[in-house]
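Only one structure is covered here, and it is reproduced in the block below.
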Amino acid sequence: MSAFGHYSYWITVLLMVAGLYIVIARGNLIKKLVGLSIFQTSVYLLYIAPGKLIGGTAPIIADGFRLYTNPLPHVLILTAIVVGVATLALGLAIAVRIREAYGSIEEDEILAADRDSEGGA
Amino acid sequence: MMAVTVITIVLQRNLFSVVVLAGIYSFLMATVLLALDAVDVAMTEASVGAGISTVLLLGALHLCGGEEAKPLHRPWLPLGVALVIVGALVYGTFALPEFSDPLAPFRTHVIPRYLEQALAETGVPNVVTAVLASYRGYDTLGEVVVVFTAGIGVIALLRRVPRREEER
Amino acid sequence: MKRQMVLRVVGKLFIPYMLLFALYVQFHGDFGPGGGFQAGVIAAAAIIFYALIFGLPAARRLAPDPIVEAMVALGVLLFAGVGVAGIVLGGNYLDYFVLDGDPVAGQHRGIFWVEAGVGITVTGVMLKIFYMFAGRGRSLDER
């Protein structure tokens with residue numbers, strides 16, 4: 001029973017580390033941003049999964065239901081989702097500008113171009 | 001299923017398929033959230049994650065080009081770091097409360113007060129909206145300001161058309 | 001040509017319902033899932049859908065840039081304005097129960113206006129960001 005009890009956390013950990021791996025191990029800027037958003041969604045799961053009560057229902061008060069799931073994490077995660085998409089939009093705008101300035105969105109090529117220009121200038 | 005999607009995202013190099021897979025992943029996440037009784041969050045995640053994020057990623061992809069280059073070094077160090085973090089986090093999760101434990105400290109303190117008094121004090125049955133807009137209204141104000149800032153940030157970054165136009 | 005026609009017909013059928021659904025989600029957020037954020041994103045998605053099918057200039061005629069930019073700021077002002085109204089009518093910032101004689105109705109009114117402000121800003125921002133991304137590619141292609 002204890003293994004099943006913690007299953008949701010393990011999935012969360014797997015998703016979180018996969019997202020983190022994409023961010024640190026891949027050089028393409030757009031793929032890094034996708035990895036970041038995967039990381040963020042795993043955090044949503046981390047907060048909402050413990051709030052669920054088996055046999056409860058959604059936190060909308062109606063007659064006939066007595067047991068509700070915890071509404072407070074829902075509020076926090078709602079804010080977090082919107083902030084996440086705001087971050088994604090700004091990150092993509094910066095990636096587009098980098099592409100226009102350097103001609104590429106691969107981290108290695110951008111760093112090499114910077115080193116070359118510093119050596120020359 | 002989500003794990004398979006995520007691993008495919010890690011390994012895929014064609015960025016268009018990465019974007020489509022990210023949309024599928026958001027949709028699966030919304031379904032899981034629905035199964036966890038988080039209806040507001042599921043609706044927001046489905047519309048924002050599978051809708052707007054995919055549109056923005058496709059727009060940026062159109063402007064940036066579609067293939068990811070082959071990595072120069074073998075990623076042993078990041079892989080090692082990732083595995084160490086997995087170990088540490090799994091070790092930590094054993095201290096957390098079990099799934100659907102009614103006695104978790106998560107559930108005491110302020111939650112029963114919100115659930116019992118939201119309808120009486122605000123006249124709004126949806127407790128999430130009541131908490132979001134009334135009990136925690138400041139946080140929502142901050143969030144709207146964040147969205148506003150993202151909007152003007154993107155306007156500021158992308159306003160000027162690139163200078164390459166004058167050289168052509 | 002056939003594919004274009006299918007898309008146009010389906011688009012014309014769906015888009016009014018999408019906008020209506022956005023309004024429903026916005027104002028029914030008190031009784032079911034929903035609220036300002038979801039409604040704003042759905043409304044922006046409806047107009048983006050229109051832009052994808054009928055082209056960006058057509059969408060720009062439908063929702064011109066000055067209006068979208070005004071929407072971005074208006075929602076935040078509305079939200080902050082509700083707070084200031086709370087001060088003017090005697091309570092603290094963002095107190096809703098002073099907005100009306102009956103405190104519960106005051107809460108209801110406050111939540112209504114606050115969610116409306118949130119929906120307006122989110123629609124404006126999502127739409128504006130889409131215009132910037134799509135418009136940039138277009139200007140690169142045209143020159």
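Here's how to read the names in the structure tokens: chain A, B, ... by the order shown, residue numbers from 1 in each chain, ligand numbers from 1 in the order shown.
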**Report entry** Spatial neighbours of range 10-25 of chain A, 9 Å, only C-alpha atoms, chain gap at least 2 places, as a count of residues only
**Finding:** 40
Counting only C-alpha atoms, give me one row per residue of chain B with an atom at most 9 Å from an atom of chain C, showing the shortest contact pair and its distance in Å to one decimal, sorted by chain then residue number, as a tab-separated table.
residue	atom	partner	partner_atom	distance
B:Val39	CA	C:Pro33	CA	6.0
B:Asp40	CA	C:Pro33	CA	4.9
B:Val41	CA	C:Pro33	CA	8.6
B:Met43	CA	C:Gln38	CA	6.8
B:Thr44	CA	C:Gln38	CA	5.3
B:Glu45	CA	C:Gln38	CA	8.8
B:Ser47	CA	C:Val41	CA	6.5
B:Val48	CA	C:Val41	CA	6.6
B:Gly51	CA	C:Ala45	CA	7.2
B:Ile52	CA	C:Ala45	CA	7.2
B:Val55	CA	C:Phe130	CA	7.9
B:Leu56	CA	C:Phe130	CA	6.9
B:Gly59	CA	C:Phe133	CA	5.8
B:Ala60	CA	C:Phe133	CA	6.8
B:His62	CA	C:Gly137	CA	7.4
B:Leu63	CA	C:Gly137	CA	6.0
B:Ala120	CA	C:Val104	CA	7.8
B:Glu121	CA	C:Val104	CA	6.0
B:Thr122	CA	C:Val104	CA	5.2
B:Gly123	CA	C:Val104	CA	5.9
B:Val124	CA	C:Asp30	CA	5.4
B:Pro125	CA	C:Phe31	CA	5.5
B:Asn126	CA	C:Asp30	CA	5.3
B:Val127	CA	C:Asp30	CA	8.4
B:Val128	CA	C:Pro33	CA	8.4
B:Thr129	CA	C:Asp30	CA	6.4
B:Ala130	CA	C:Asp30	CA	7.7
B:Ala133	CA	C:Ile111	CA	5.8
B:Ser134	CA	C:Ile111	CA	6.7
B:Gly137	CA	C:Leu94	CA	7.3
B:Tyr138	CA	C:Leu94	CA	7.8
B:Thr140	CA	C:Val118	CA	8.5
B:Leu141	CA	C:Phe79	CA	6.9
B:Val144	CA	C:Val118	CA	6.3
B:Val145	CA	C:Val76	CA	6.7
B:Val147	CA	C:Val122	CA	6.9
B:Phe148	CA	C:Val72	CA	6.5
B:Ala150	CA	C:Val125	CA	7.8
B:Gly151	CA	C:Val125	CA	5.1
B:Ile152	CA	C:Val125	CA	8.2
B:Val154	CA	C:Ile129	CA	6.5
B:Ile155	CA	C:Met132	CA	7.0
B:Leu158	CA	C:Met132	CA	6.5
B:Arg159	CA	C:Met132	CA	7.5
B:Val161	CA	C:Arg136	CA	7.1
B:Pro162	CA	C:Leu140	CA	8.3
B:Glu165	CA	C:Arg143	CA	6.9
B:Arg168	CA	C:Arg143	CA	8.4
I need the chosen residues saved as a short mmCIF file (atom, residue, chain, number, x, y, z; two decimals), in the first residue's frame, with N, CA and C atoms.
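Generated output (part37.cif):
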data_model
loop_
_atom_site.label_atom_id
_atom_site.label_comp_id
_atom_site.auth_asym_id
_atom_site.auth_seq_id
_atom_site.Cartn_x
_atom_site.Cartn_y
_atom_site.Cartn_z
N VAL B 39 -10.96 20.90 -11.44
CA VAL B 39 -11.62 21.24 -12.70
C VAL B 39 -11.16 22.57 -13.25
N ASP B 40 -11.04 23.60 -12.39
CA ASP B 40 -10.58 24.90 -12.86
C ASP B 40 -9.18 24.80 -13.45
N VAL B 41 -8.33 24.10 -12.72
CA VAL B 41 -6.93 23.99 -13.17
C VAL B 41 -6.85 23.21 -14.47
N MET B 43 -9.10 23.01 -16.82
CA MET B 43 -9.55 23.84 -17.92
C MET B 43 -8.48 24.86 -18.30
N THR B 44 -7.84 25.46 -17.31
CA THR B 44 -6.81 26.43 -17.61
C THR B 44 -5.61 25.76 -18.27
N GLU B 45 -5.21 24.60 -17.77
CA GLU B 45 -4.05 23.93 -18.35
C GLU B 45 -4.34 23.51 -19.78
N SER B 47 -6.51 24.89 -21.94
CA SER B 47 -6.57 26.01 -22.87
C SER B 47 -5.22 26.69 -23.00
N VAL B 48 -4.52 26.89 -21.89
CA VAL B 48 -3.26 27.61 -21.94
C VAL B 48 -2.14 26.72 -22.45
N GLY B 51 -3.20 25.02 -25.93
CA GLY B 51 -3.64 25.97 -26.94
C GLY B 51 -2.61 27.05 -27.18
N ILE B 52 -2.52 27.97 -26.24
CA ILE B 52 -1.70 29.16 -26.44
C ILE B 52 -0.21 28.79 -26.54
N VAL B 55 0.57 27.49 -29.96
CA VAL B 55 0.54 28.54 -30.98
C VAL B 55 1.80 29.38 -30.91
N LEU B 56 2.21 29.76 -29.69
CA LEU B 56 3.41 30.59 -29.55
C LEU B 56 4.65 29.85 -30.00
N GLY B 59 4.72 29.73 -33.72
CA GLY B 59 5.11 31.03 -34.26
C GLY B 59 6.59 31.26 -34.16
N ALA B 60 7.17 30.94 -32.98
CA ALA B 60 8.60 31.13 -32.82
C ALA B 60 9.38 30.18 -33.72
N HIS B 62 8.49 29.06 -36.61
CA HIS B 62 8.46 29.57 -37.97
C HIS B 62 9.53 30.62 -38.17
N LEU B 63 9.80 31.41 -37.12
CA LEU B 63 10.80 32.46 -37.26
C LEU B 63 12.21 31.97 -37.04
N ALA B 120 -21.36 31.32 2.38
CA ALA B 120 -22.08 32.26 3.24
C ALA B 120 -21.51 33.67 3.11
N GLU B 121 -20.20 33.79 2.99
CA GLU B 121 -19.62 35.12 3.00
C GLU B 121 -19.62 35.78 1.64
N THR B 122 -19.52 35.00 0.55
CA THR B 122 -19.39 35.65 -0.75
C THR B 122 -20.55 35.36 -1.68
N GLY B 123 -21.36 34.36 -1.41
CA GLY B 123 -22.46 34.07 -2.30
C GLY B 123 -22.05 33.41 -3.59
N VAL B 124 -20.84 32.84 -3.63
CA VAL B 124 -20.32 32.25 -4.86
C VAL B 124 -20.02 30.79 -4.58
N PRO B 125 -20.71 29.83 -5.23
CA PRO B 125 -20.47 28.42 -4.89
C PRO B 125 -19.11 27.89 -5.30
N ASN B 126 -18.51 28.46 -6.33
CA ASN B 126 -17.23 27.93 -6.78
C ASN B 126 -16.15 28.44 -5.82
N VAL B 127 -15.66 27.54 -4.95
CA VAL B 127 -14.75 27.99 -3.89
C VAL B 127 -13.46 28.52 -4.48
N VAL B 128 -13.03 27.91 -5.60
CA VAL B 128 -11.75 28.35 -6.18
C VAL B 128 -11.85 29.81 -6.64
N THR B 129 -12.97 30.15 -7.30
CA THR B 129 -13.14 31.55 -7.72
C THR B 129 -13.25 32.46 -6.52
N ALA B 130 -13.96 32.00 -5.48
CA ALA B 130 -14.11 32.85 -4.30
C ALA B 130 -12.75 33.13 -3.67
N ALA B 133 -10.58 35.39 -6.15
CA ALA B 133 -10.96 36.77 -6.39
C ALA B 133 -11.22 37.55 -5.11
N SER B 134 -11.54 36.86 -4.03
CA SER B 134 -11.92 37.59 -2.85
C SER B 134 -10.97 37.39 -1.68
N GLY B 137 -7.36 38.14 -3.16
CA GLY B 137 -7.47 39.03 -4.31
C GLY B 137 -6.17 39.71 -4.68
N TYR B 138 -5.32 39.99 -3.70
CA TYR B 138 -4.04 40.64 -3.99
C TYR B 138 -3.20 39.80 -4.91
N THR B 140 -4.18 37.72 -7.13
CA THR B 140 -4.71 37.79 -8.48
C THR B 140 -4.35 39.11 -9.13
N LEU B 141 -4.34 40.19 -8.35
CA LEU B 141 -3.89 41.47 -8.89
C LEU B 141 -2.45 41.36 -9.37
N VAL B 144 -2.35 39.43 -12.68
CA VAL B 144 -2.76 40.20 -13.85
C VAL B 144 -1.66 41.16 -14.25
N VAL B 145 -0.96 41.71 -13.27
CA VAL B 145 0.15 42.60 -13.60
C VAL B 145 1.27 41.84 -14.28
N VAL B 147 0.87 39.20 -16.26
CA VAL B 147 0.44 39.00 -17.64
C VAL B 147 0.62 40.28 -18.44
N PHE B 148 0.23 41.40 -17.84
CA PHE B 148 0.38 42.69 -18.49
C PHE B 148 1.84 42.95 -18.82
N ALA B 150 4.24 40.75 -19.22
CA ALA B 150 4.68 39.89 -20.32
C ALA B 150 4.26 40.48 -21.65
N GLY B 151 3.02 41.00 -21.71
CA GLY B 151 2.56 41.59 -22.96
C GLY B 151 3.41 42.76 -23.40
N ILE B 152 3.65 43.70 -22.48
CA ILE B 152 4.44 44.85 -22.93
C ILE B 152 5.89 44.47 -23.13
N VAL B 154 6.91 41.63 -24.54
CA VAL B 154 6.98 41.11 -25.91
C VAL B 154 6.85 42.23 -26.92
N ILE B 155 5.99 43.21 -26.63
CA ILE B 155 5.87 44.36 -27.53
C ILE B 155 7.22 45.06 -27.63
N LEU B 158 9.81 42.84 -29.66
CA LEU B 158 9.58 42.51 -31.06
C LEU B 158 9.05 43.67 -31.87
N ARG B 159 9.14 44.88 -31.32
CA ARG B 159 8.52 45.97 -32.04
C ARG B 159 9.30 46.32 -33.29
N VAL B 161 11.33 46.08 -36.56
CA VAL B 161 11.54 45.12 -37.62
C VAL B 161 13.05 45.00 -37.83
N PRO B 162 13.57 43.81 -38.11
CA PRO B 162 15.02 43.64 -38.17
C PRO B 162 15.70 44.52 -39.21
N GLU B 165 16.44 44.38 -43.34
CA GLU B 165 15.58 44.85 -44.42
C GLU B 165 16.27 45.95 -45.23
N ARG B 168 18.89 44.80 -47.96
CA ARG B 168 18.49 44.04 -49.16
C ARG B 168 18.29 44.93 -50.35
#
Query raised in the report: Any idea which chain A residues end up within 10 Å of chain C if we count only C-alpha atoms, as a list in words please?
Result: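 Going by the stated atoms only, the list reads Ala58, Pro59, Ile60, Ile61, Ala62, Leu78, Thr79, Ile81, Val82, Val85, Ala86, Ala89, Leu90, Leu92, Ala93 and Val96 of chain A.
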Query raised in the report: How far is it from CA of Pro64 in chain C to CA of Val25 in chain C, in Å with one decimal?
Result: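 A separation of 24.2 Å between them.
Across A:Gly103, A:Ala113, A:Leu67, A:Pro50, the tightest approach to chain B is made by A:Pro50 when counting only C-alpha atoms.
Taking CA of Ile15 in chain C and CA of Thr31 in chain B as the two end points, the separation is 24.2 Å.
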Query raised in the report: So which residues of chain A fall under alpha helix (DSSP H) by DSSP, listed as a ChimeraX atom specification?
Result: /A:2-5,7-25,29-48,72-102,107-120
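Nearest residue to Gly55 in chain C among C:Val88, C:Leu19, C:Gly81, C:Gln4 is C:Gln4, counting only C-alpha atoms.
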Report task. Please provide the set of residues having any atom within 12 Å of Phe14 in chain C, restricted to only C-alpha atoms, with same-chain residues fewer than 6 positions apart removed, written as a list in words. Result ->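 Residues meeting the cut-off are Leu7, Arg8, Leu20, Phe21, Ala45, Ala46, Ile47, Phe49, Tyr50 and Ile53 of chain C.
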